[in-house]
Amino acid sequence: MKVVTTITEMQSEINRQKELGKSIGFVPTMGFLHEGHLTLMKKARQENDIVVISIFVNPIQFGPGEDYETYPRDFERDLELAQGEKIDYLFHPSVEEMYPHSSTVKVVVQERTDVLCGKSRPGHFDGVATILTKLFTIMMPTRAYFGKKDAQQVAVVEGLISDFHFPIQLVPVDIVREEDGLAKSSRNVKLLHDERKQATALYRSLQIARETIENGERNPINVIQLIERHIKDETSGIVDYIEVYSYPSLNRLEKIKGSIIIALAVKFSRVRLIDNVMMDVN
Ligand code: AMP
């Protein structure tokens with residue numbers, strides 16, 4: 001595995017591989033790798049000649065007062081984990097490398113951002129779309145891998161790839177969970193001891209919601225209230241949002257039908273967690 005820190009070197013490596021006719025699988029991450037990231041890498045390894053991952057905590061997707069400074073980082077550990085997955089290139093640029101001067105252009109996401117995390121984190125998806133536009137242009141990947149844990153991100157990336165005609169296949173990957181159901185996340189280490197135990201209620205509440213819909217409930221308000229009650233009873237967290245939307249269009253539903261997402265965000269004392277389930281409803 002080659003660690004690359006400059007855009008020029010990364011581009012020349014990619015050009016070399018492209019000239020050899022190699023397919024390229026790309027996994028963008030913010031590091032502090034866990035089983036969720038490794039699952040994306042394994043899938044990329046199976047499906048491509050060359051696998052590139054990036055580790056970059058992107059400052060412009062964090063809002064004021066969010067956790068950019070305290071976002072967990074451990075590059076040495078990440079290196080070992082990436083090596084274990086037989087990654088070809090690990091791109092690890094500095095902030096100055098990615099943003100050498102104040103931006104003349106940024107990518108603004110127009111749709112699918114006035115809900116869920118986009119509503120709670122204004123400007124977040126503009127930051128995501130801007131860094132991904134840069135990374136896609138550098139890597140020119142054949143396929144790019146994204147976790148469904150960040151379901152709204154998958155929807156936004158689908159729009160970005162389609163609108164900007166990137167010749168990239170988007171590969172969404174299922175959520176990887178801890179044994180007790182908690183969705184794996186770099187931020188889970190910021191949960192206090194008691195909160196970690198309580199956090200299982202997030203997925204549990206989503207499962208209860210899914211079962212209720214399977215048993216015939218079609219009113220989104222009832223489903224949302226059911227989840228809210230469960231989370232309030234079982235955790236000390238504060239609900240940021242609980243929503244039932246169409247997926248991937250992310251429109252509000254009068255009646256639960258078709259391809260849907262049930263998504264939530266809950267704030268604990270030092271960390272905000274998100275989770276979701278998707279289902280097809282007749
Ligand atoms: P992050 O480092 O949090 O930006 O995540 C990098 C990629 O890994 C994103 O596409 C995430 O959706 C994905 N990812 C993070 N956690 C999980 C998980 N528990 N299961 C599946 N994918 C995940």
# chains A, B, ... in the order shown; residues from 1 in each chain; ligands from 1
call {"tool": "residues_around", "arguments": {"residues": "Pro72 of chain A", "least_positions_apart": "3", "cutoff": "12 Å", "atoms": "only C-alpha atoms", "output": "list in words"}}
result
Met30, Gly31, Phe32, Leu33, His34, Phe56, Val57, Asp67, Tyr68, Glu69, Phe75, Arg77, Asp78, Ser185, Ser186, Arg187, Asn188, Val189, Lys190 and Val271 of chain A
call {"tool": "write_last_selection", "arguments": {"atoms": "N, CA, C and O atoms", "output": "mmCIF file, in the first residue's frame"}}
result
data_model
loop_
_atom_site.group_PDB
_atom_site.id
_atom_site.type_symbol
_atom_site.label_atom_id
_atom_site.label_comp_id
_atom_site.auth_asym_id
_atom_site.auth_seq_id
_atom_site.Cartn_x
_atom_site.Cartn_y
_atom_site.Cartn_z
ATOM 1 N N MET A 30 -13.377 9.588 6.534
ATOM 2 C CA MET A 30 -12.756 10.591 7.400
ATOM 3 C C MET A 30 -11.864 9.900 8.434
ATOM 4 O O MET A 30 -11.468 10.512 9.426
ATOM 5 N N GLY A 31 -11.575 8.618 8.193
ATOM 6 C CA GLY A 31 -10.638 7.920 9.069
ATOM 7 C C GLY A 31 -11.267 7.444 10.365
ATOM 8 O O GLY A 31 -12.480 7.376 10.495
ATOM 9 N N PHE A 32 -10.394 7.082 11.337
ATOM 10 C CA PHE A 32 -10.778 6.399 12.570
ATOM 11 C C PHE A 32 -11.599 5.167 12.165
ATOM 12 O O PHE A 32 -12.744 4.974 12.542
ATOM 13 N N LEU A 33 -10.931 4.347 11.352
ATOM 14 C CA LEU A 33 -11.606 3.271 10.623
ATOM 15 C C LEU A 33 -12.213 2.219 11.549
ATOM 16 O O LEU A 33 -11.657 1.910 12.604
ATOM 17 N N HIS A 34 -13.331 1.693 11.118
ATOM 18 C CA HIS A 34 -14.005 0.607 11.844
ATOM 19 C C HIS A 34 -14.553 -0.371 10.803
ATOM 20 O O HIS A 34 -14.387 -0.178 9.593
ATOM 21 N N PHE A 56 -9.566 11.877 5.106
ATOM 22 C CA PHE A 56 -9.494 13.338 5.155
ATOM 23 C C PHE A 56 -10.695 13.853 5.944
ATOM 24 O O PHE A 56 -11.842 13.623 5.544
ATOM 25 N N VAL A 57 -10.415 14.486 7.064
ATOM 26 C CA VAL A 57 -11.500 15.103 7.835
ATOM 27 C C VAL A 57 -11.719 16.474 7.205
ATOM 28 O O VAL A 57 -10.896 17.373 7.337
ATOM 29 N N ASP A 67 -18.195 19.186 15.579
ATOM 30 C CA ASP A 67 -17.046 18.519 16.211
ATOM 31 C C ASP A 67 -15.811 18.366 15.308
ATOM 32 O O ASP A 67 -15.085 17.378 15.424
ATOM 33 N N TYR A 68 -15.537 19.344 14.446
ATOM 34 C CA TYR A 68 -14.354 19.213 13.568
ATOM 35 C C TYR A 68 -13.069 18.993 14.379
ATOM 36 O O TYR A 68 -12.301 18.076 14.089
ATOM 37 N N GLU A 69 -12.853 19.823 15.398
ATOM 38 C CA GLU A 69 -11.605 19.731 16.174
ATOM 39 C C GLU A 69 -11.527 18.425 16.956
ATOM 40 O O GLU A 69 -10.459 17.853 17.095
ATOM 41 N N PHE A 75 -4.179 8.033 12.877
ATOM 42 C CA PHE A 75 -3.693 7.648 11.553
ATOM 43 C C PHE A 75 -2.880 6.353 11.584
ATOM 44 O O PHE A 75 -2.989 5.530 10.667
ATOM 45 N N ARG A 77 -3.186 3.737 13.494
ATOM 46 C CA ARG A 77 -4.110 2.600 13.568
ATOM 47 C C ARG A 77 -4.810 2.408 12.217
ATOM 48 O O ARG A 77 -4.960 1.292 11.722
ATOM 49 N N ASP A 78 -5.232 3.507 11.608
ATOM 50 C CA ASP A 78 -5.893 3.439 10.299
ATOM 51 C C ASP A 78 -4.984 2.789 9.253
ATOM 52 O O ASP A 78 -5.431 1.987 8.428
ATOM 53 N N SER A 185 -19.818 3.498 14.104
ATOM 54 C CA SER A 185 -19.502 4.879 13.749
ATOM 55 C C SER A 185 -18.222 5.285 14.457
ATOM 56 O O SER A 185 -17.980 4.880 15.600
ATOM 57 N N SER A 186 -17.413 6.107 13.781
ATOM 58 C CA SER A 186 -16.202 6.629 14.413
ATOM 59 C C SER A 186 -16.564 7.417 15.661
ATOM 60 O O SER A 186 -15.782 7.510 16.604
ATOM 61 N N ARG A 187 -17.758 7.998 15.662
ATOM 62 C CA ARG A 187 -18.155 8.861 16.781
ATOM 63 C C ARG A 187 -18.627 8.076 18.002
ATOM 64 O O ARG A 187 -18.809 8.669 19.067
ATOM 65 N N ASN A 188 -18.838 6.746 17.884
ATOM 66 C CA ASN A 188 -19.358 5.988 19.030
ATOM 67 C C ASN A 188 -18.422 6.058 20.237
ATOM 68 O O ASN A 188 -18.867 5.935 21.371
ATOM 69 N N VAL A 189 -17.114 6.261 20.004
ATOM 70 C CA VAL A 189 -16.161 6.331 21.134
ATOM 71 C C VAL A 189 -16.442 7.544 22.023
ATOM 72 O O VAL A 189 -15.952 7.601 23.146
ATOM 73 N N LYS A 190 -17.230 8.478 21.519
ATOM 74 C CA LYS A 190 -17.512 9.669 22.320
ATOM 75 C C LYS A 190 -18.734 9.494 23.227
ATOM 76 O O LYS A 190 -19.090 10.399 23.977
ATOM 77 N N VAL A 271 -21.984 13.679 21.660
ATOM 78 C CA VAL A 271 -22.027 13.158 20.287
ATOM 79 C C VAL A 271 -23.465 13.041 19.789
ATOM 80 O O VAL A 271 -24.378 12.759 20.561
#
call {"tool": "residues_near_ligand", "arguments": {"ligand": "ligand 1", "cutoff": "6 Å", "atoms": "only C-alpha atoms and all ligand atoms", "output": "list in words"}}
result
Pro28, Thr29, Met30, Gly31, Gly36, His37, Phe146, Gly147, Lys148, Lys149, Asp150, Asp174, Ile175, Val176, Arg177, Ala183, Lys184 and Ser185 of chain A
call {"tool": "atom_distance", "arguments": {"atom1": "atom CA of Ile260 of chain A", "atom2": "atom CA of Ala151 of chain A"}}
result
11.2 Å
call {"tool": "atom_distance", "arguments": {"atom1": "atom CA of Thr133 of chain A", "atom2": "atom CA of Leu20 of chain A"}}
result
24.1 Å
call {"tool": "closest_residue", "arguments": {"among": "A:Met10, A:Cys117, A:Val277, A:Ile227", "to": "Val156 of chain A", "atoms": "only C-alpha atoms"}}
result
A:Cys117
call {"tool": "residues_around", "arguments": {"residues": "Lys106 of chain A", "least_positions_apart": "6", "cutoff": "10 Å", "atoms": "only C-alpha atoms", "output": "mmCIF file with N, CA, C and O atoms, in the first residue's frame"}}
result
data_model
loop_
_atom_site.group_PDB
_atom_site.id
_atom_site.type_symbol
_atom_site.label_atom_id
_atom_site.label_comp_id
_atom_site.auth_asym_id
_atom_site.auth_seq_id
_atom_site.Cartn_x
_atom_site.Cartn_y
_atom_site.Cartn_z
ATOM 1 N N ASP A 126 -23.218 20.778 1.086
ATOM 2 C CA ASP A 126 -22.412 21.560 0.133
ATOM 3 C C ASP A 126 -20.937 21.205 0.336
ATOM 4 O O ASP A 126 -20.188 21.035 -0.631
ATOM 5 N N GLY A 127 -20.536 21.092 1.598
ATOM 6 C CA GLY A 127 -19.159 20.723 1.927
ATOM 7 C C GLY A 127 -18.823 19.319 1.443
ATOM 8 O O GLY A 127 -17.745 19.073 0.888
ATOM 9 N N ALA A 129 -20.392 17.663 -1.035
ATOM 10 C CA ALA A 129 -20.412 17.632 -2.499
ATOM 11 C C ALA A 129 -19.151 18.300 -3.071
ATOM 12 O O ALA A 129 -18.617 17.867 -4.099
ATOM 13 N N THR A 130 -18.665 19.340 -2.393
ATOM 14 C CA THR A 130 -17.473 20.039 -2.882
ATOM 15 C C THR A 130 -16.235 19.141 -2.760
ATOM 16 O O THR A 130 -15.471 18.991 -3.721
ATOM 17 N N ILE A 131 -16.052 18.519 -1.603
ATOM 18 C CA ILE A 131 -14.854 17.665 -1.446
ATOM 19 C C ILE A 131 -14.956 16.442 -2.363
ATOM 20 O O ILE A 131 -13.960 16.019 -2.961
ATOM 21 N N THR A 133 -16.439 16.285 -5.260
ATOM 22 C CA THR A 133 -16.162 16.712 -6.637
ATOM 23 C C THR A 133 -14.647 16.762 -6.854
ATOM 24 O O THR A 133 -14.128 16.300 -7.875
#
call {"tool": "select_by_dssp", "arguments": {"residues": "segment 31-244 of chain A", "states": "strand (DSSP E)", "output": "list in words"}}
result
Ile50, Val51, Val52, Ile53, Ser54, Ile55, Tyr89, Leu90, Phe91, Arg143, Ala144, Tyr145, Phe146, Gly147, Gln169, Leu170, Val171, Pro172, Val173, Ile238, Val239, Asp240, Tyr241, Ile242, Glu243 and Val244 of chain A
call {"tool": "write_last_selection", "arguments": {"atoms": "N, CA, C and O atoms", "output": "mmCIF file, in the first residue's frame"}}
result
data_model
loop_
_atom_site.group_PDB
_atom_site.id
_atom_site.type_symbol
_atom_site.label_atom_id
_atom_site.label_comp_id
_atom_site.auth_asym_id
_atom_site.auth_seq_id
_atom_site.Cartn_x
_atom_site.Cartn_y
_atom_site.Cartn_z
ATOM 1 N N ILE A 50 -7.796 -1.954 -8.777
ATOM 2 C CA ILE A 50 -7.049 -1.072 -7.876
ATOM 3 C C ILE A 50 -8.021 -0.465 -6.865
ATOM 4 O O ILE A 50 -9.127 -0.064 -7.244
ATOM 5 N N VAL A 51 -7.620 -0.436 -5.593
ATOM 6 C CA VAL A 51 -8.472 0.192 -4.573
ATOM 7 C C VAL A 51 -7.746 1.387 -3.955
ATOM 8 O O VAL A 51 -6.602 1.279 -3.520
ATOM 9 N N VAL A 52 -8.447 2.514 -3.972
ATOM 10 C CA VAL A 52 -7.924 3.737 -3.365
ATOM 11 C C VAL A 52 -8.862 4.139 -2.242
ATOM 12 O O VAL A 52 -10.082 4.159 -2.438
ATOM 13 N N ILE A 53 -8.298 4.439 -1.078
ATOM 14 C CA ILE A 53 -9.138 5.039 -0.038
ATOM 15 C C ILE A 53 -8.575 6.420 0.289
ATOM 16 O O ILE A 53 -7.372 6.667 0.101
ATOM 17 N N SER A 54 -9.458 7.291 0.744
ATOM 18 C CA SER A 54 -8.955 8.583 1.218
ATOM 19 C C SER A 54 -9.315 8.725 2.686
ATOM 20 O O SER A 54 -10.366 8.235 3.137
ATOM 21 N N ILE A 55 -8.415 9.331 3.422
ATOM 22 C CA ILE A 55 -8.672 9.681 4.821
ATOM 23 C C ILE A 55 -8.468 11.177 4.920
ATOM 24 O O ILE A 55 -7.347 11.673 4.774
ATOM 25 N N TYR A 89 -3.740 2.249 -2.646
ATOM 26 C CA TYR A 89 -3.320 3.617 -2.330
ATOM 27 C C TYR A 89 -4.169 4.178 -1.198
ATOM 28 O O TYR A 89 -5.393 4.037 -1.206
ATOM 29 N N LEU A 90 -3.475 4.820 -0.273
ATOM 30 C CA LEU A 90 -4.176 5.559 0.785
ATOM 31 C C LEU A 90 -3.845 7.034 0.583
ATOM 32 O O LEU A 90 -2.680 7.437 0.695
ATOM 33 N N PHE A 91 -4.858 7.821 0.238
ATOM 34 C CA PHE A 91 -4.649 9.250 0.002
ATOM 35 C C PHE A 91 -4.943 9.992 1.298
ATOM 36 O O PHE A 91 -6.055 9.892 1.845
ATOM 37 N N ARG A 143 -15.725 2.904 -9.765
ATOM 38 C CA ARG A 143 -16.812 2.741 -8.780
ATOM 39 C C ARG A 143 -16.452 3.495 -7.499
ATOM 40 O O ARG A 143 -15.275 3.527 -7.117
ATOM 41 N N ALA A 144 -17.481 4.058 -6.844
ATOM 42 C CA ALA A 144 -17.256 4.722 -5.557
ATOM 43 C C ALA A 144 -18.226 4.123 -4.535
ATOM 44 O O ALA A 144 -19.405 3.908 -4.839
ATOM 45 N N TYR A 145 -17.703 3.853 -3.345
ATOM 46 C CA TYR A 145 -18.440 3.086 -2.335
ATOM 47 C C TYR A 145 -18.872 3.989 -1.185
ATOM 48 O O TYR A 145 -18.041 4.702 -0.604
ATOM 49 N N PHE A 146 -20.171 3.931 -0.851
ATOM 50 C CA PHE A 146 -20.714 4.754 0.227
ATOM 51 C C PHE A 146 -21.635 3.905 1.101
ATOM 52 O O PHE A 146 -22.366 3.050 0.587
ATOM 53 N N GLY A 147 -21.608 4.160 2.409
ATOM 54 C CA GLY A 147 -22.439 3.397 3.342
ATOM 55 C C GLY A 147 -23.846 3.957 3.427
ATOM 56 O O GLY A 147 -24.049 5.173 3.412
ATOM 57 N N GLN A 169 -19.727 4.585 -11.118
ATOM 58 C CA GLN A 169 -20.838 3.791 -10.602
ATOM 59 C C GLN A 169 -20.874 3.941 -9.081
ATOM 60 O O GLN A 169 -19.885 3.648 -8.411
ATOM 61 N N LEU A 170 -21.997 4.413 -8.578
ATOM 62 C CA LEU A 170 -22.166 4.550 -7.125
ATOM 63 C C LEU A 170 -22.574 3.196 -6.551
ATOM 64 O O LEU A 170 -23.532 2.584 -7.021
ATOM 65 N N VAL A 171 -21.826 2.737 -5.537
ATOM 66 C CA VAL A 171 -22.166 1.451 -4.916
ATOM 67 C C VAL A 171 -22.542 1.685 -3.445
ATOM 68 O O VAL A 171 -21.673 1.925 -2.609
ATOM 69 N N PRO A 172 -23.855 1.651 -3.138
ATOM 70 C CA PRO A 172 -24.274 1.808 -1.738
ATOM 71 C C PRO A 172 -24.073 0.487 -0.987
ATOM 72 O O PRO A 172 -24.316 -0.585 -1.540
ATOM 73 N N VAL A 173 -23.606 0.577 0.253
ATOM 74 C CA VAL A 173 -23.289 -0.630 1.032
ATOM 75 C C VAL A 173 -24.116 -0.623 2.327
ATOM 76 O O VAL A 173 -24.265 0.420 2.975
ATOM 77 N N ILE A 238 -31.349 13.459 23.368
ATOM 78 C CA ILE A 238 -32.361 14.413 22.887
ATOM 79 C C ILE A 238 -32.567 14.183 21.396
ATOM 80 O O ILE A 238 -31.598 14.190 20.614
ATOM 81 N N VAL A 239 -33.826 13.977 21.023
ATOM 82 C CA VAL A 239 -34.123 13.690 19.616
ATOM 83 C C VAL A 239 -33.881 14.946 18.765
ATOM 84 O O VAL A 239 -34.401 16.013 19.064
ATOM 85 N N ASP A 240 -33.053 14.795 17.731
ATOM 86 C CA ASP A 240 -32.835 15.886 16.774
ATOM 87 C C ASP A 240 -33.923 15.795 15.700
ATOM 88 O O ASP A 240 -34.632 16.753 15.421
ATOM 89 N N TYR A 241 -34.048 14.611 15.096
ATOM 90 C CA TYR A 241 -35.185 14.383 14.191
ATOM 91 C C TYR A 241 -35.521 12.898 14.144
ATOM 92 O O TYR A 241 -34.660 12.046 14.410
ATOM 93 N N ILE A 242 -36.784 12.642 13.846
ATOM 94 C CA ILE A 242 -37.243 11.287 13.493
ATOM 95 C C ILE A 242 -38.167 11.508 12.304
ATOM 96 O O ILE A 242 -39.107 12.300 12.397
ATOM 97 N N GLU A 243 -37.884 10.872 11.178
ATOM 98 C CA GLU A 243 -38.703 11.120 9.991
ATOM 99 C C GLU A 243 -38.951 9.830 9.209
ATOM 100 O O GLU A 243 -38.139 8.902 9.254
ATOM 101 N N VAL A 244 -40.058 9.831 8.505
ATOM 102 C CA VAL A 244 -40.337 8.766 7.541
ATOM 103 C C VAL A 244 -40.506 9.455 6.192
ATOM 104 O O VAL A 244 -41.380 10.309 6.039
#
call {"tool": "closest_residue", "arguments": {"among": "A:Phe136, A:Gln153, A:Phe268, A:Phe166", "to": "His193 of chain A", "atoms": "only C-alpha atoms"}}
result
A:Phe268
call {"tool": "atom_distance", "arguments": {"atom1": "atom CA of Thr137 of chain A", "atom2": "atom CA of Asp163 of chain A"}}
result
14.4 Å
call {"tool": "closest_residue", "arguments": {"among": "A:Ile7, A:Ile161, A:Met279, A:Ile24", "to": "Gly258 of chain A", "atoms": "only C-alpha atoms"}}
result
A:Met279
call {"tool": "select_by_dssp", "arguments": {"residues": "segment 28-257 of chain A", "states": "helix (DSSP H, G or I)", "output": "ChimeraX atom specification"}}
result
/A:35-47,59-61,75-84,95-98,116-120,124-139,148-163,186-190,193-198,200-214,220-234
call {"tool": "residues_around", "arguments": {"residues": "Met98 of chain A", "least_positions_apart": "3", "cutoff": "10 Å", "atoms": "only C-alpha atoms", "output": "PyMOL selection string"}}
result
chain A and resi 5-7+56+58+93-95+101+131+134-135
call {"tool": "closest_residue", "arguments": {"among": "A:Asp74, A:Glu214, A:Glu80, A:Glu111", "to": "Lys257 of chain A", "atoms": "only C-alpha atoms"}}
result
A:Glu214
call {"tool": "closest_residue", "arguments": {"among": "A:Glu234, A:Glu211, A:Glu228, A:Glu254", "to": "Arg196 of chain A", "atoms": "only C-alpha atoms"}}
result
A:Glu234
